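Listing of structure-v5.txt, compact mmCIF, C-alpha atoms
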# COMPACT_ATOMS: atom_id res chain seq x y z
CA MET J 1 10.38 -13.81 -32.22
CA ALA J 2 13.02 -13.53 -29.57
CA PHE J 3 12.23 -11.90 -26.24
CA ASP J 4 14.57 -9.12 -25.37
CA ARG J 5 15.07 -7.53 -21.97
CA SER J 6 12.30 -4.92 -22.41
CA ASP J 7 9.74 -7.68 -23.04
CA LEU J 8 10.70 -9.38 -19.82
CA ASP J 9 10.42 -6.12 -17.87
CA LEU J 10 6.71 -6.03 -18.61
CA PHE J 11 6.32 -9.32 -16.80
CA ILE J 12 5.33 -8.13 -13.33
CA PRO J 13 6.85 -10.85 -11.10
CA LEU J 14 10.21 -10.41 -12.78
CA THR J 15 10.18 -6.63 -12.34
CA LEU J 16 9.17 -7.15 -8.73
CA PHE J 17 12.18 -9.39 -8.18
CA GLY J 18 14.36 -6.90 -9.99
CA ARG J 19 13.15 -4.22 -7.58
CA LEU J 20 13.66 -6.58 -4.65
CA GLU J 21 17.33 -6.99 -5.45
CA GLU J 22 17.71 -3.26 -5.91
CA VAL J 23 15.99 -2.41 -2.63
CA LEU J 24 17.57 -5.08 -0.50
CA LEU J 25 21.11 -4.19 -1.59
CA GLY J 26 20.42 -0.45 -1.55
CA SER J 27 22.54 2.09 0.28
CA SER J 28 21.79 3.03 3.88
CA ASN J 29 19.94 6.32 4.19
CA HIS J 30 17.18 5.64 6.71
CA HIS J 31 14.75 8.51 6.88
CA VAL J 32 14.25 9.76 10.43
CA ILE J 33 10.72 11.11 10.89
CA PRO J 34 10.78 14.17 13.20
CA PHE J 35 9.26 13.88 16.69
CA ARG J 36 6.65 16.56 15.89
CA VAL J 37 5.26 14.45 13.04
CA TYR J 38 4.75 11.45 15.35
CA LEU J 39 3.05 13.66 17.93
CA ASN J 40 0.75 15.29 15.35
CA ILE J 41 -0.23 11.88 13.97
CA LEU J 42 -1.09 10.67 17.49
CA LEU J 43 -3.25 13.75 18.10
CA ILE J 44 -5.04 13.30 14.75
CA LEU J 45 -5.64 9.60 15.55
CA LEU J 46 -7.11 10.50 18.97
CA LEU J 47 -9.28 13.18 17.35
CA PHE J 48 -10.60 10.64 14.81
CA THR J 49 -11.36 8.22 17.67
CA VAL J 50 -13.57 10.91 19.24
CA VAL J 51 -15.17 11.54 15.82
CA THR J 52 -15.90 7.78 15.43
CA VAL J 53 -17.66 7.65 18.80
CA VAL J 54 -19.64 10.87 18.22
CA VAL J 55 -20.69 9.88 14.68
CA SER J 56 -21.86 6.45 15.91
CA ARG J 57 -24.46 8.29 18.04
CA ILE J 58 -26.08 9.75 14.91
CA ASP J 59 -28.17 7.38 12.82
CA PHE J 60 -27.36 7.60 9.12
CA GLY J 61 -29.29 4.42 8.35
CA ALA J 62 -27.54 2.12 5.92
CA ALA J 63 -24.55 4.49 5.70
CA ASN J 64 -23.61 3.88 9.38
CA ALA J 65 -21.21 1.02 8.71
CA PHE J 66 -19.78 2.74 5.65
CA ILE J 67 -18.98 5.94 7.57
CA ALA J 68 -17.40 4.01 10.47
CA MET J 69 -15.23 1.98 8.07
CA PHE J 70 -14.26 5.14 6.17
CA ILE J 71 -13.00 6.86 9.35
CA ALA J 72 -11.24 3.64 10.46
CA SER J 73 -9.51 3.47 7.06
CA ILE J 74 -8.22 7.04 7.39
CA LYS J 75 -6.80 6.11 10.82
CA ALA J 76 -5.30 2.90 9.43
CA GLY J 77 -3.76 4.89 6.56
CA LEU J 78 -2.08 7.31 8.99
CA VAL J 79 -0.68 4.43 11.08
CA LEU J 80 0.65 2.73 7.92
CA LEU J 81 2.16 5.89 6.42
CA TYR J 82 3.82 7.38 9.50
CA PHE J 83 4.08 4.89 12.40
CA MET J 84 4.95 2.04 10.03
CA HIS J 85 7.15 4.36 7.91
CA LEU J 86 5.56 3.37 4.59
CA LYS J 87 5.62 6.97 3.39
CA TYR J 88 9.41 7.08 3.43
CA ASP J 89 10.14 3.39 2.79
CA ASP J 90 10.78 1.91 -0.58
CA LYS J 91 7.53 1.44 -2.51
CA LEU J 92 8.17 -2.31 -2.59
CA PHE J 93 6.78 -2.72 0.96
CA PRO J 94 3.41 -0.99 0.40
CA THR J 95 3.09 -2.81 -2.95
CA VAL J 96 3.40 -6.22 -1.32
CA PHE J 97 1.12 -5.21 1.56
CA PHE J 98 -1.61 -3.85 -0.71
CA ILE J 99 -1.51 -6.99 -2.84
CA SER J 100 -2.69 -8.86 0.29
CA ILE J 101 -5.36 -6.20 0.92
CA PHE J 102 -6.45 -6.61 -2.70
CA PHE J 103 -6.86 -10.37 -2.32
CA LEU J 104 -8.78 -9.81 0.91
CA LEU J 105 -11.17 -7.58 -1.09
CA VAL J 106 -11.47 -10.31 -3.73
CA MET J 107 -12.45 -12.81 -1.01
CA PHE J 108 -14.88 -10.23 0.40
CA ALA J 109 -16.49 -9.47 -2.98
CA PHE J 110 -16.87 -13.05 -4.16
CA SER J 111 -18.28 -14.40 -0.90
CA HIS J 112 -20.80 -11.55 -0.92
CA LEU J 113 -21.73 -12.25 -4.53
CA ASP J 114 -22.27 -15.86 -3.54
CA ILE J 115 -24.45 -15.03 -0.53
CA ILE J 116 -26.67 -12.37 -2.13
CA THR J 117 -27.32 -14.36 -5.30
CA ARG J 118 -28.29 -17.59 -3.50
CA VAL J 119 -31.79 -18.97 -3.91
CA LEU J 120 -32.58 -20.28 -0.48
CA GLU J 121 -34.88 -23.25 -0.06
CA ASN J 122 -34.78 -23.00 3.69
CA ASN J 123 -33.31 -19.83 5.10
CA ILE J 124 -30.47 -21.17 7.22
CA LEU J 125 -27.77 -18.58 6.69
CA MET I 126 23.43 9.52 25.31
CA ASN I 127 24.52 6.27 26.80
CA THR I 128 25.96 4.12 24.07
CA ALA I 129 29.69 4.29 24.67
CA ASN I 130 29.80 0.59 25.49
CA SER I 131 27.10 -0.61 23.07
CA THR I 132 27.70 -4.05 21.61
CA LYS I 133 28.40 -4.00 17.93
CA HIS I 134 26.08 -6.02 15.72
CA HIS I 135 27.63 -8.04 12.91
CA TYR I 136 25.40 -8.87 9.98
CA ALA I 137 25.08 -12.52 9.01
CA HIS I 138 27.61 -13.82 6.47
CA HIS I 139 25.03 -14.49 3.75
CA PHE I 140 24.20 -10.77 3.50
CA GLU I 141 26.23 -8.31 1.49
CA SER I 142 25.92 -5.47 3.99
CA ALA I 143 24.13 -4.41 7.18
CA GLU I 144 21.64 -2.51 5.03
CA HIS I 145 20.96 -5.67 2.99
CA GLU I 146 20.20 -7.54 6.23
CA TYR I 147 17.97 -4.72 7.53
CA GLN I 148 15.90 -4.44 4.35
CA THR I 149 15.60 -8.22 3.98
CA SER I 150 14.40 -8.62 7.58
CA LYS I 151 11.85 -5.89 7.06
CA PHE I 152 10.66 -7.40 3.80
CA GLY I 153 10.20 -10.75 5.55
CA LEU I 154 8.20 -9.07 8.28
CA TRP I 155 5.94 -7.33 5.75
CA LEU I 156 5.27 -10.73 4.15
CA PHE I 157 4.34 -12.05 7.60
CA LEU I 158 1.99 -9.07 8.06
CA CYS I 159 0.31 -10.05 4.76
CA THR I 160 -0.47 -13.51 6.17
CA GLU I 161 -1.81 -11.84 9.32
CA ILE I 162 -4.12 -9.64 7.23
CA LEU I 163 -5.44 -12.71 5.44
CA MET I 164 -5.95 -14.62 8.71
CA PHE I 165 -7.92 -11.78 10.34
CA GLY I 166 -9.52 -11.14 6.95
CA GLY I 167 -11.43 -14.44 7.11
CA LEU I 168 -13.09 -13.31 10.36
CA PHE I 169 -13.86 -9.88 8.94
CA VAL I 170 -15.47 -11.40 5.83
CA GLY I 171 -17.55 -13.72 8.05
CA TYR I 172 -18.58 -10.74 10.17
CA ALA I 173 -19.60 -8.74 7.08
CA ILE I 174 -21.75 -11.57 5.70
CA PHE I 175 -23.60 -12.19 8.97
CA HIS I 176 -23.93 -8.47 9.62
CA HIS I 177 -25.51 -8.14 6.18
CA LYS I 178 -27.89 -11.03 6.99
CA TYR I 179 -28.82 -10.01 10.54
CA PRO I 180 -28.20 -6.28 11.03
CA GLU I 181 -30.55 -6.10 14.04
CA LEU I 182 -28.63 -8.92 15.78
CA PHE I 183 -25.35 -6.99 15.68
CA LYS I 184 -27.06 -3.81 16.82
CA ALA I 185 -28.57 -5.64 19.80
CA GLY I 186 -25.27 -7.44 20.55
CA SER I 187 -23.22 -4.25 20.61
CA HIS I 188 -25.48 -2.92 23.38
CA PHE I 189 -24.03 -5.59 25.67
CA LEU I 190 -20.57 -4.04 25.26
CA ASP I 191 -19.43 -0.89 27.03
CA TRP I 192 -18.28 1.61 24.41
CA ARG I 193 -16.38 3.54 27.11
CA LEU I 194 -14.12 0.54 27.79
CA GLY I 195 -13.69 0.05 24.03
CA SER I 196 -12.74 3.72 23.60
CA LEU I 197 -10.32 3.51 26.53
CA ASN I 198 -8.60 0.51 24.93
CA THR I 199 -8.46 2.33 21.57
CA VAL I 200 -6.74 5.33 23.18
CA VAL I 201 -4.35 3.06 25.11
CA LEU I 202 -3.35 1.16 21.95
CA LEU I 203 -2.90 4.38 19.93
CA ILE I 204 -0.61 5.80 22.62
CA SER I 205 1.34 2.52 22.75
CA SER I 206 1.80 2.67 18.96
CA PHE I 207 3.08 6.23 19.34
CA THR I 208 5.62 5.26 22.04
CA MET I 209 6.68 2.20 20.02
CA ALA I 210 7.43 4.48 17.06
CA LEU I 211 9.28 6.85 19.42
CA SER I 212 11.47 4.04 20.77
CA ILE I 213 12.73 3.52 17.19
CA TYR I 214 13.11 7.28 16.77
CA TYR I 215 15.30 7.48 19.90
CA ALA I 216 17.33 4.45 18.81
CA GLN I 217 18.00 6.33 15.56
CA MET I 218 18.98 9.35 17.72
CA ASN I 219 21.31 7.07 19.75
CA ASP I 220 19.49 7.82 23.01
CA ARG I 221 19.26 4.53 24.91
CA ALA I 222 17.53 5.94 28.03
CA LYS I 223 14.64 7.39 26.04
CA THR I 224 14.37 4.24 23.89
CA LEU I 225 13.93 2.28 27.14
CA ILE I 226 11.38 4.71 28.63
CA ASN I 227 9.25 4.46 25.48
CA LEU I 228 9.47 0.67 25.39
CA TYR I 229 8.38 0.52 29.05
CA ILE I 230 5.41 2.84 28.34
CA THR I 231 4.47 0.60 25.38
CA LEU I 232 4.65 -2.46 27.63
CA ILE I 233 2.51 -0.79 30.33
CA CYS I 234 -0.09 0.27 27.73
CA GLY I 235 -0.23 -3.33 26.47
CA PHE I 236 -0.85 -4.52 30.03
CA ILE I 237 -3.58 -1.90 30.55
CA PHE I 238 -5.23 -3.12 27.33
CA MET I 239 -5.14 -6.74 28.51
CA GLY I 240 -6.36 -5.68 31.96
CA VAL I 241 -9.42 -3.97 30.48
CA LYS I 242 -9.97 -7.01 28.23
CA PHE I 243 -9.76 -9.32 31.26
CA PHE I 244 -12.33 -7.17 33.07
CA GLU I 245 -14.66 -7.26 30.04
CA TYR I 246 -14.23 -11.00 29.47
CA SER I 247 -14.81 -11.97 33.12
CA HIS I 248 -17.98 -9.85 33.16
CA LYS I 249 -19.28 -11.55 29.97
CA ILE I 250 -18.38 -15.03 31.24
CA HIS I 251 -20.07 -14.30 34.57
CA GLU I 252 -23.25 -13.13 32.80
CA GLY I 253 -23.25 -16.15 30.47
CA LEU I 254 -22.80 -14.01 27.35
CA LEU I 255 -20.76 -16.71 25.62
CA PRO I 256 -20.35 -18.00 22.06
CA GLY I 257 -22.60 -20.62 20.49
CA HIS I 258 -24.15 -23.29 22.70
CA LEU I 259 -22.19 -22.05 25.76
CA PHE I 260 -24.50 -19.02 25.84
CA HIS I 261 -26.73 -19.08 28.94
CA TYR I 262 -27.60 -15.44 29.56
CA ALA I 263 -31.16 -15.00 30.80
CA GLY I 264 -31.22 -11.33 31.84
CA GLU I 265 -32.68 -8.24 30.23
CA GLY I 266 -32.89 -8.33 26.42
CA ALA I 267 -31.95 -12.02 26.19
CA ASN I 268 -34.87 -12.81 23.87
CA ALA I 269 -35.16 -9.41 22.18
CA VAL I 270 -33.40 -10.74 19.11
CA ALA I 271 -32.79 -14.23 17.67
CA ASN I 272 -29.30 -15.75 17.42
CA LEU I 273 -27.65 -13.55 20.07
CA PRO I 274 -25.02 -16.29 20.73
CA LEU I 275 -23.79 -15.73 17.14
CA TYR I 276 -22.80 -12.17 17.99
CA PHE I 277 -20.74 -13.40 20.93
CA SER I 278 -19.08 -16.04 18.72
CA PHE I 279 -17.79 -13.17 16.59
CA TYR I 280 -16.95 -11.05 19.63
CA PHE I 281 -14.87 -13.75 21.32
CA CYS I 282 -13.18 -15.05 18.14
CA MET I 283 -12.18 -11.62 16.89
CA THR I 284 -11.11 -10.05 20.19
CA GLY I 285 -9.60 -13.39 21.30
CA LEU I 286 -7.36 -13.69 18.27
CA HIS I 287 -6.49 -10.01 18.62
CA GLY I 288 -5.77 -10.41 22.36
CA THR I 289 -3.48 -13.36 21.63
CA HIS I 290 -1.52 -11.07 19.32
CA VAL I 291 -1.28 -8.42 22.04
CA LEU I 292 0.13 -11.05 24.42
CA ALA I 293 2.68 -12.14 21.80
CA GLY I 294 3.55 -8.47 21.25
CA LEU I 295 4.09 -7.98 25.00
CA PHE I 296 6.57 -10.89 25.10
CA LEU I 297 8.42 -9.40 22.14
CA ILE I 298 8.55 -5.91 23.71
CA ALA I 299 9.89 -7.42 26.96
CA TRP I 300 12.58 -9.12 24.85
CA LEU I 301 13.40 -5.75 23.22
CA ILE I 302 13.72 -4.13 26.68
CA VAL I 303 16.23 -6.80 27.74
CA ARG I 304 18.26 -6.28 24.57
CA THR I 305 18.11 -2.49 24.87
CA HIS I 306 19.40 -2.76 28.46
CA ARG I 307 22.33 -4.74 27.05
CA GLY I 308 22.96 -1.83 24.68
CA GLU I 309 22.50 -3.84 21.50
CA PHE I 310 20.57 -1.15 19.60
CA GLY I 311 21.69 2.13 18.13
CA PRO I 312 21.43 4.15 14.92
CA LYS I 313 23.42 1.52 13.01
CA TYR I 314 21.39 -1.48 14.18
CA TYR I 315 17.76 -1.42 15.33
CA THR I 316 16.21 -4.09 13.08
CA PRO I 317 14.41 -5.96 15.93
CA LEU I 318 12.91 -2.68 17.19
CA GLU I 319 11.67 -1.87 13.67
CA CYS I 320 10.23 -5.36 13.08
CA VAL I 321 8.47 -5.75 16.45
CA GLY I 322 7.26 -2.17 15.95
CA LEU I 323 5.66 -3.12 12.63
CA PHE I 324 3.96 -6.10 14.31
CA TRP I 325 2.72 -3.91 17.17
CA HIS I 326 1.33 -1.30 14.76
CA LEU I 327 -0.53 -4.05 12.88
CA ILE I 328 -2.20 -5.06 16.17
CA ASP I 329 -3.22 -1.41 16.57
CA LEU I 330 -4.43 -1.34 12.96
CA ILE I 331 -6.71 -4.35 13.49
CA TRP I 332 -8.14 -2.86 16.69
CA ILE I 333 -8.91 0.37 14.79
CA TYR I 334 -11.37 -1.72 12.72
CA LEU I 335 -12.57 -4.02 15.52
CA PHE I 336 -13.57 -1.16 17.82
CA PRO I 337 -16.29 0.42 15.61
CA LEU I 338 -17.41 -2.98 14.24
CA LEU I 339 -18.04 -4.57 17.64
CA TYR I 340 -18.69 -1.68 20.02
CA LEU I 341 -20.25 1.07 17.93
CA VAL I 342 -21.88 0.12 14.63
CA GLY I 343 -23.88 -2.84 15.85
Starting from the file, lay out its structure as structure tokens.
Amino acid sequence: MAFDRSDLDLFIPLTLFGRLEEVLLGSSNHHVIPFRVYLNILLILLLFTVVTVVVSRIDFGAANAFIAMFIASIKAGLVLLYFMHLKYDDKLFPTVFFISIFFLLVMFAFSHLDIITRVLENNIL
Amino acid sequence: MNTANSTKHHYAHHFESAEHEYQTSKFGLWLFLCTEILMFGGLFVGYAIFHHKYPELFKAGSHFLDWRLGSLNTVVLLISSFTMALSIYYAQMNDRAKTLINLYITLICGFIFMGVKFFEYSHKIHEGLLPGHLFHYAGEGANAVANLPLYFSFYFCMTGLHGTHVLAGLFLIAWLIVRTHRGEFGPKYYTPLECVGLFWHLIDLIWIYLFPLLYLVG
């Protein structure tokens, strides 16, 4: 059973490197985001900051932290997409970035699983 | 429009083209941002675990912070991110004067942020609201909740690491201003602007999460 090229393409690291070569040697056509877009994004970000502060005054119980993180994530998404140009960049950059976010979530999930499933003999943590 | 005498940038010999150099530099910077996310991530995971364990502690701790100062710093950082993005926009438009103005505004916003931080820190240090065993606050609400020093350990570690990044960013922006004055950037070459910009936006990104976690949610 010989591997041909299409087999190798399924192997993610190899395809990633294939993309890397393609992107890094690619032709120059930098997308210029119009001034109005930057301004609108700033205004939306400031609006969401006001929303964060106002919402923090209302007690939603256990949902408080979730709501705050949800709004923060929308703001972070706007900064990533427009200020950091991810929307118009090659998809290689967001892919690599979100792999690190994914592993952060793995660390988050497993340390929480560890903590909440512990049987504590003396409650130190 | 002031680029008649701009210095021409030559890409390094191991690259195939200027575009190759630009994209490679940017890719390297994104990899660096990944390591930054993982470094700050450790603190965020620690925060989440202790917040889960002692929700009332974080609520009480956040009352020692002034949400107005936190909001001010959020607005200042958002505006600085905007002007940083504009400095790249004007470099792409080949407008050196406006690139410089926006870099200066970004620098000033960074200094305002650090000024507010300095004011907050000196107030906390004066009151004895310090991390771990350094904690010696004895005023109102000192014994309302157990483990209050733990909250300030998180506060100082997270904002301290973030503040260090702001300082590093300020040095880098000052370096960009010097190079822009020399006329090194234009539509054909603005890689350092783009890369420092990405770093600066990441600092903004982290503050977007720190602000509600430390000042608001509690």
Counting all atoms listed in the file, which residues of chain J fall within 8 Å of chain I, and what is the closest atom pair for each with its distance in Å at one decimal, ordered by chain and rising number, as CSV?
residue,atom,partner,partner_atom,distance
J:Val23,CA,I:Gln148,CA,7.3
J:Leu24,CA,I:His145,CA,4.9
J:Leu25,CA,I:His145,CA,4.8
J:Gly26,CA,I:His145,CA,6.9
J:Ser27,CA,I:Glu144,CA,6.7
J:Ser28,CA,I:Glu144,CA,5.7
J:Val32,CA,I:Tyr214,CA,6.9
J:Ile33,CA,I:Tyr214,CA,7.4
J:Phe35,CA,I:Leu211,CA,7.5
J:Tyr38,CA,I:Phe207,CA,6.8
J:Leu39,CA,I:Phe207,CA,7.6
J:Leu42,CA,I:Phe207,CA,6.4
J:Leu45,CA,I:Leu203,CA,7.3
J:Leu46,CA,I:Val200,CA,6.7
J:Thr49,CA,I:Ser196,CA,7.6
J:Thr52,CA,I:Pro337,CA,7.4
J:Val53,CA,I:Leu341,CA,7.1
J:Ser56,CA,I:Leu341,CA,6.0
J:Asn64,CA,I:Val342,CA,6.7
J:Ala65,CA,I:Val342,CA,6.0
J:Ala68,CA,I:Pro337,CA,6.4
J:Met69,CA,I:Tyr334,CA,7.1
J:Ala72,CA,I:Tyr334,CA,5.8
J:Ser73,CA,I:Tyr334,CA,7.9
J:Lys75,CA,I:Ile333,CA,7.3
J:Ala76,CA,I:Leu330,CA,5.6
J:Val79,CA,I:His326,CA,7.1
J:Leu80,CA,I:His326,CA,8.0
J:Phe83,CA,I:Ala210,CA,5.8
J:Met84,CA,I:Leu323,CA,5.8
J:Phe93,CA,I:Trp155,CA,6.7
J:Val96,CA,I:Leu156,CA,7.3
J:Phe97,CA,I:Cys159,CA,5.9
J:Ser100,CA,I:Cys159,CA,5.5
J:Ile101,CA,I:Ile162,CA,7.3
J:Leu104,CA,I:Gly166,CA,6.2
J:Met107,CA,I:Val170,CA,7.6
J:Phe108,CA,I:Val170,CA,5.6
J:Ser111,CA,I:Val170,CA,7.9
J:His112,CA,I:Ile174,CA,6.7
J:Ile115,CA,I:Ile174,CA,7.6
J:Leu125,CA,I:Lys178,CA,7.6
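The protein and nucleic acid residues lying at most 10 Å from Gly288 in chain I are I:Gly235, I:Phe238, I:Met239, I:Lys242, I:Phe243, I:Phe281, I:Cys282, I:Met283, I:Thr284, I:Gly285, I:Val291, I:Leu292, I:Ala293, I:Gly294, I:Ile328, I:Trp332, with all atoms listed in the file considered and sequence neighbours fewer than 3 positions away removed.
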Report summary line: What separates CA of Ile226 in chain I and CA of His31 in chain J is a distance of 22.3 Å
Requested in this report: Quick one: everything within 9 Å of Leu301 in chain I, counting all atoms listed in the file, minus sequence neighbours fewer than 2 positions away in the same chain. Send it as a PyMOL selection string.
Outcome: chain I and resi 225+228+296-299+303-306+317-318+321
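Going from CA of Leu78 in chain J over to CA of Glu245 in chain I, you cover 28.5 Å.
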Report task. Quick one: pull the distance between CA of Pro94 in chain J and CA of Thr231 in chain I, Å, one decimal. Result -> 25.1 Å
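Every protein or nucleic acid residue with an atom no more than 9 Å from Leu273 in chain I, counting only C-alpha atoms and leaving out same-chain residues fewer than 6 positions away, appears here: Leu182, Phe183, Ala185, Gly186, Leu254, Pro256, Gly257, Phe260 and Ala267 of chain I.
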